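Asker: Before I ask anything, let me first share the structure, which is written out below as structure tokens.
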Amino acid sequence: MEFKDYYQVLGVSKTATAEEIKKAYRQLARKFHPDVSKEPDSEQRMQEVNEAKAVLSDPEKRLAYDQLAQQYRSGQDFQPSPEWDAGFEFSGRGFEEADLSEFSDFFANLFGQGGRTRQKGRSYQMRGEDRHAKINIDLKDAFHGANRTIILQVPQVDSQGRVASREHTLSVQIPKGIKAGQHIRLIGQGSPGVGGGPSGDLYLEIHFTLDSQYRVDGRDVYQTVPITPWEAALGASIETTTPSGMVRFKVPAGSQTGRKLRLKGRGIPGQEPGDLYMELEVVLPPADTDKARELYKTMAREFAFDPRQRKGG
């Protein structure tokens, strides 16, 4: 999938005001609308123009897109991370499938699940919109629970029509046992009501901060544990840090890299707690001294060992 430069599509600068974006869209719509255009690719160009306007004329989408666009160029290979929009506060619940069909895969991958549409009520007194945001937490917070200060980026339009952001600082109670994908509801922290109506709520979707040491599947946690060659060969009782604290476990003799040791019930807490899997990784000490090199040479002489022959090579 290629990255789309929506500013390039509309022919406007990255600092363009809302009025400048609207003007550029109108000019391109007159040029490429299939009902009036004689351009051979008018239908595709009009779709691109509509898509660019849908993002750049919406302060919420534009703010998140601008941050993403700092890392990519138009046409560059692109695959969005599921957490690409973490830390941004959005309104609405998302696009219907019929709406998404009018846009490219690029657009659908970015905005198809996050929820960015606005709904207008007809009565004078109206409850405020619910708002949504993704937040990243440390895995250990799911094991113990925590109080955290969260800062969200909220878009706002200045008097010149330019999109800026303000910080929305919240104190959030992270409940023990929460899983990735679950939501924390903050009552009354959404958009203000209209005509004295109550404020909406803010829903925080939980994701875990990426950590190469851990992999999470539901409530099960997989942890990479480095061990020495002698611990792997002879067996050992070792201690290591886990999200729940220090844990001691036995490494069976003859273990190899990739072996999984299950610690039942030591995963993310819950009514049915997950398991903790220790994935062993044998790490060789460096041959960076004369003594170390001599030890390796002794091993080479003493061991009649050819790992390639064992695999049939």
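The chains in the structure tokens are called A, B, ... from first to last as shown; in each chain the residues are counted from 1, and the ligands are counted from 1 in the order shown.
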A:Asp66: which residues within 12 Å, counting only C-alpha atoms, same-chain residues fewer than 2 positions away excluded, as a VMD selection string?
Answerer: chain A and resid 4 to 7 13 to 15 55 to 56 58 to 64 68 to 73 84 to 85 88 155 163 to 165
Asker: Store the residues of this selection in a file with C-alpha atoms, as a short mmCIF file (atom, residue, chain, number, x, y, z; two decimals), in the first residue's frame.
Answerer:
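As written to disk, again07.cif reads:
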data_model
loop_
_atom_site.label_atom_id
_atom_site.label_comp_id
_atom_site.auth_asym_id
_atom_site.auth_seq_id
_atom_site.Cartn_x
_atom_site.Cartn_y
_atom_site.Cartn_z
CA LYS A 4 -1.07 9.27 0.06
CA ASP A 5 -0.08 12.93 0.36
CA TYR A 6 -3.47 14.60 0.67
CA TYR A 7 -1.95 18.09 0.54
CA SER A 13 0.46 23.76 1.52
CA LYS A 14 0.64 21.91 4.84
CA THR A 15 -0.28 25.18 6.58
CA VAL A 55 -9.28 14.21 5.90
CA LEU A 56 -7.98 17.77 5.63
CA ASP A 58 -11.81 17.53 9.51
CA PRO A 59 -9.57 18.95 12.29
CA GLU A 60 -9.50 15.60 14.14
CA LYS A 61 -8.37 13.54 11.17
CA ARG A 62 -6.01 16.25 9.93
CA LEU A 63 -4.14 16.55 13.23
CA ALA A 64 -3.47 12.81 13.42
CA LEU A 68 1.87 10.47 10.49
CA ALA A 69 2.84 12.39 7.33
CA GLN A 70 6.07 13.59 8.96
CA GLN A 71 7.46 10.05 8.55
CA TYR A 72 6.42 9.27 4.95
CA ARG A 73 6.52 10.63 1.40
CA TRP A 84 -0.64 4.96 14.83
CA ASP A 85 -3.30 7.28 16.28
CA PHE A 88 -5.39 11.52 19.86
CA PRO A 155 -7.64 19.41 17.67
CA VAL A 163 -5.67 23.35 12.79
CA ALA A 164 -3.72 23.29 16.04
CA SER A 165 -3.79 21.02 19.07
#
Asker: Report as a list in words all protein, DNA and RNA residues lying within 6 Å of stretch 274-277 of chain A, evaluated on only C-alpha atoms, omitting residues in the same chain fewer than 5 positions from it.
Answerer: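 The contact residues come out as Arg219, Asp220, Val221, Tyr222, Lys260, Leu261, Arg262, Leu263, Lys264, Gly265, Arg266, Gly267 and Ile268 of chain A.
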Asker: With N, CA and C atoms retained, could you export that selection as a CSV table (one decimal), in the first residue's frame?
Answerer:
chain,number,residue,atom,x,y,z
A,219,ARG,N,-4.9,-13.0,27.7
A,219,ARG,CA,-4.3,-12.9,29.0
A,219,ARG,C,-3.0,-13.6,29.1
A,220,ASP,N,-2.6,-14.4,28.1
A,220,ASP,CA,-1.4,-15.1,28.1
A,220,ASP,C,-0.2,-14.1,27.7
A,221,VAL,N,0.9,-14.3,28.4
A,221,VAL,CA,2.1,-13.4,28.1
A,221,VAL,C,3.2,-14.3,27.8
A,222,TYR,N,3.9,-14.0,26.7
A,222,TYR,CA,5.1,-14.7,26.3
A,222,TYR,C,6.3,-13.8,26.5
A,260,LYS,N,9.6,-23.4,25.3
A,260,LYS,CA,8.6,-22.7,26.1
A,260,LYS,C,8.3,-23.4,27.4
A,261,LEU,N,8.5,-22.7,28.5
A,261,LEU,CA,8.1,-23.2,29.8
A,261,LEU,C,6.9,-22.5,30.3
A,262,ARG,N,5.9,-23.2,30.6
A,262,ARG,CA,4.6,-22.6,31.0
A,262,ARG,C,4.5,-22.4,32.5
A,263,LEU,N,4.2,-21.2,33.0
A,263,LEU,CA,4.0,-20.9,34.4
A,263,LEU,C,2.5,-20.7,34.5
A,264,LYS,N,1.7,-21.6,34.9
A,264,LYS,CA,0.3,-21.6,34.9
A,264,LYS,C,-0.3,-20.5,35.8
A,265,GLY,N,-1.2,-19.7,35.3
A,265,GLY,CA,-1.8,-18.7,36.1
A,265,GLY,C,-1.0,-17.5,36.4
A,266,ARG,N,0.2,-17.3,35.8
A,266,ARG,CA,1.1,-16.2,36.1
A,266,ARG,C,1.0,-15.1,35.0
A,267,GLY,N,0.0,-15.2,34.1
A,267,GLY,CA,-0.2,-14.2,33.1
A,267,GLY,C,-1.1,-13.1,33.6
A,268,ILE,N,-1.8,-12.3,32.8
A,268,ILE,CA,-2.6,-11.2,33.2
A,268,ILE,C,-3.7,-11.7,34.1
Asker: With a distance cut-off of 12 Å and only C-alpha atoms, select the neighbouring residues of stretch 244-258 of chain A, excluding the residue or stretch itself and same-chain residues fewer than 3 positions from it, and output the selection as a PyMOL selection string.
Answerer: chain A and resi 138-145+176-177+221-241+261-269+275-284
Asker: Restricting it to C-alpha atoms, dump the selection as a PDB file, in the first residue's frame.
Answerer:
ATOM      1  CA  ASP A 138       2.912  -0.632  30.344  1.00  0.00           C
ATOM      2  CA  LEU A 139       2.167  -4.338  30.612  1.00  0.00           C
ATOM      3  CA  LYS A 140       2.941  -4.305  34.331  1.00  0.00           C
ATOM      4  CA  ASP A 141       0.030  -1.891  34.870  1.00  0.00           C
ATOM      5  CA  ALA A 142      -2.343  -4.680  33.775  1.00  0.00           C
ATOM      6  CA  PHE A 143      -0.814  -6.961  36.408  1.00  0.00           C
ATOM      7  CA  HIS A 144      -0.970  -4.545  39.334  1.00  0.00           C
ATOM      8  CA  GLY A 145      -3.340  -1.722  38.378  1.00  0.00           C
ATOM      9  CA  LYS A 176      -5.855  -4.640  37.529  1.00  0.00           C
ATOM     10  CA  GLY A 177      -6.403  -7.349  34.913  1.00  0.00           C
ATOM     11  CA  VAL A 221       2.058 -13.437  28.144  1.00  0.00           C
ATOM     12  CA  TYR A 222       5.133 -14.746  26.316  1.00  0.00           C
ATOM     13  CA  GLN A 223       8.470 -13.552  27.673  1.00  0.00           C
ATOM     14  CA  THR A 224      11.900 -14.056  26.114  1.00  0.00           C
ATOM     15  CA  VAL A 225      14.427 -15.194  28.748  1.00  0.00           C
ATOM     16  CA  PRO A 226      18.153 -15.304  27.856  1.00  0.00           C
ATOM     17  CA  ILE A 227      20.123 -18.207  29.391  1.00  0.00           C
ATOM     18  CA  THR A 228      23.763 -19.339  29.228  1.00  0.00           C
ATOM     19  CA  PRO A 229      24.912 -22.441  27.320  1.00  0.00           C
ATOM     20  CA  TRP A 230      25.727 -24.255  30.583  1.00  0.00           C
ATOM     21  CA  GLU A 231      22.313 -23.469  32.055  1.00  0.00           C
ATOM     22  CA  ALA A 232      20.725 -24.872  28.910  1.00  0.00           C
ATOM     23  CA  ALA A 233      22.920 -27.979  28.801  1.00  0.00           C
ATOM     24  CA  LEU A 234      23.036 -28.867  32.514  1.00  0.00           C
ATOM     25  CA  GLY A 235      19.751 -27.409  33.729  1.00  0.00           C
ATOM     26  CA  ALA A 236      19.465 -24.651  36.306  1.00  0.00           C
ATOM     27  CA  SER A 237      17.199 -22.780  38.670  1.00  0.00           C
ATOM     28  CA  ILE A 238      17.158 -19.155  37.516  1.00  0.00           C
ATOM     29  CA  GLU A 239      15.481 -15.940  38.571  1.00  0.00           C
ATOM     30  CA  THR A 240      14.187 -13.267  36.213  1.00  0.00           C
ATOM     31  CA  THR A 241      12.023 -10.155  36.269  1.00  0.00           C
ATOM     32  CA  LEU A 261       8.145 -23.230  29.785  1.00  0.00           C
ATOM     33  CA  ARG A 262       4.592 -22.600  31.033  1.00  0.00           C
ATOM     34  CA  LEU A 263       3.959 -20.939  34.396  1.00  0.00           C
ATOM     35  CA  LYS A 264       0.251 -21.575  34.894  1.00  0.00           C
ATOM     36  CA  GLY A 265      -1.849 -18.675  36.135  1.00  0.00           C
ATOM     37  CA  ARG A 266       1.057 -16.213  36.065  1.00  0.00           C
ATOM     38  CA  GLY A 267      -0.250 -14.218  33.090  1.00  0.00           C
ATOM     39  CA  ILE A 268      -2.577 -11.184  33.205  1.00  0.00           C
ATOM     40  CA  PRO A 269      -4.877 -11.496  36.251  1.00  0.00           C
ATOM     41  CA  ASP A 275      -0.433 -18.129  31.717  1.00  0.00           C
ATOM     42  CA  LEU A 276       3.137 -16.871  31.511  1.00  0.00           C
ATOM     43  CA  TYR A 277       5.315 -18.626  28.933  1.00  0.00           C
ATOM     44  CA  MET A 278       9.099 -18.358  29.300  1.00  0.00           C
ATOM     45  CA  GLU A 279      10.646 -18.603  25.821  1.00  0.00           C
ATOM     46  CA  LEU A 280      14.292 -19.612  26.260  1.00  0.00           C
ATOM     47  CA  GLU A 281      17.050 -18.002  24.220  1.00  0.00           C
ATOM     48  CA  VAL A 282      20.550 -19.475  24.554  1.00  0.00           C
ATOM     49  CA  VAL A 283      23.124 -16.660  24.461  1.00  0.00           C
ATOM     50  CA  LEU A 284      26.820 -17.376  23.844  1.00  0.00           C
TER      51      LEU A 284
END
Asker: Using DSSP on the backbone coordinates, identify all residues within stretch 92-244 of chain A classified as alpha helix (DSSP H); present the result as a PyMOL selection string.
Answerer: chain A and resi 97-100+105-111+139-144+229-234
Asker: Using only C-alpha atoms, can you tell me which of A:Asp130, A:Phe103, A:Asp201, A:Glu89 comes closest to A:Thr169?
Answerer: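 Going through A:Asp130, A:Phe103, A:Asp201, A:Glu89 one by one, the smallest distance to A:Thr169 is for A:Glu89.
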Asker: If we count only C-alpha atoms, what is near A:Arg166 at a cut-off of 10 Å, once residues fewer than 6 positions away on the same chain are taken out, given as a list in words?
Answerer: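 Final neighbour list, sorted by chain and number: Ile151, Leu152, Gln153, Val154, Pro155 and Gln156 of chain A.
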Asker: For those residues, write N, CA and C atoms to a file as an mmCIF file, in the first residue's frame.
Answerer:
data_model
loop_
_atom_site.group_PDB
_atom_site.id
_atom_site.type_symbol
_atom_site.label_atom_id
_atom_site.label_comp_id
_atom_site.auth_asym_id
_atom_site.auth_seq_id
_atom_site.Cartn_x
_atom_site.Cartn_y
_atom_site.Cartn_z
ATOM 1 N N ILE A 151 -2.022 12.250 28.716
ATOM 2 C CA ILE A 151 -2.148 13.499 27.952
ATOM 3 C C ILE A 151 -2.602 13.155 26.546
ATOM 4 N N LEU A 152 -3.772 13.645 26.157
ATOM 5 C CA LEU A 152 -4.318 13.429 24.817
ATOM 6 C C LEU A 152 -4.199 14.707 23.994
ATOM 7 N N GLN A 153 -4.039 14.534 22.685
ATOM 8 C CA GLN A 153 -4.003 15.672 21.776
ATOM 9 C C GLN A 153 -5.401 15.897 21.201
ATOM 10 N N VAL A 154 -5.932 17.093 21.404
ATOM 11 C CA VAL A 154 -7.273 17.438 20.934
ATOM 12 C C VAL A 154 -7.161 18.553 19.899
ATOM 13 N N PRO A 155 -7.747 18.372 18.701
ATOM 14 C CA PRO A 155 -7.639 19.408 17.669
ATOM 15 C C PRO A 155 -8.530 20.604 17.967
ATOM 16 N N GLN A 156 -8.065 21.763 17.548
ATOM 17 C CA GLN A 156 -8.896 22.961 17.611
ATOM 18 C C GLN A 156 -8.501 23.872 16.448
#
Asker: Please return as number ranges by chain: the residues of stretch 13-262 of chain A that backbone DSSP assigns to strand (DSSP E or B).
Answerer: A: 77, 88-91, 126, 131-137, 146-157, 163-174, 183-186, 194, 202-208, 214-217, 220-227, 236-242, 245-251, 260-262
Asker: Report, in Å with one decimal, the straight-line distance from atom CA of A:Leu202 to atom CA of A:Arg162.
Answerer: 25.1 Å
Asker: So how many Å separate atom CA of A:Val49 and atom CA of A:Gln160, to one decimal?
Answerer: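 Here the two named atoms are 23.1 Å from each other.
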Asker: If I take atom CA of A:Tyr203 and atom CA of A:Gln182, how far is one from the other in Å, to one decimal?
Answerer: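 Computed distance, atom CA of A:Tyr203 to atom CA of A:Gln182, equals 9.6 Å.
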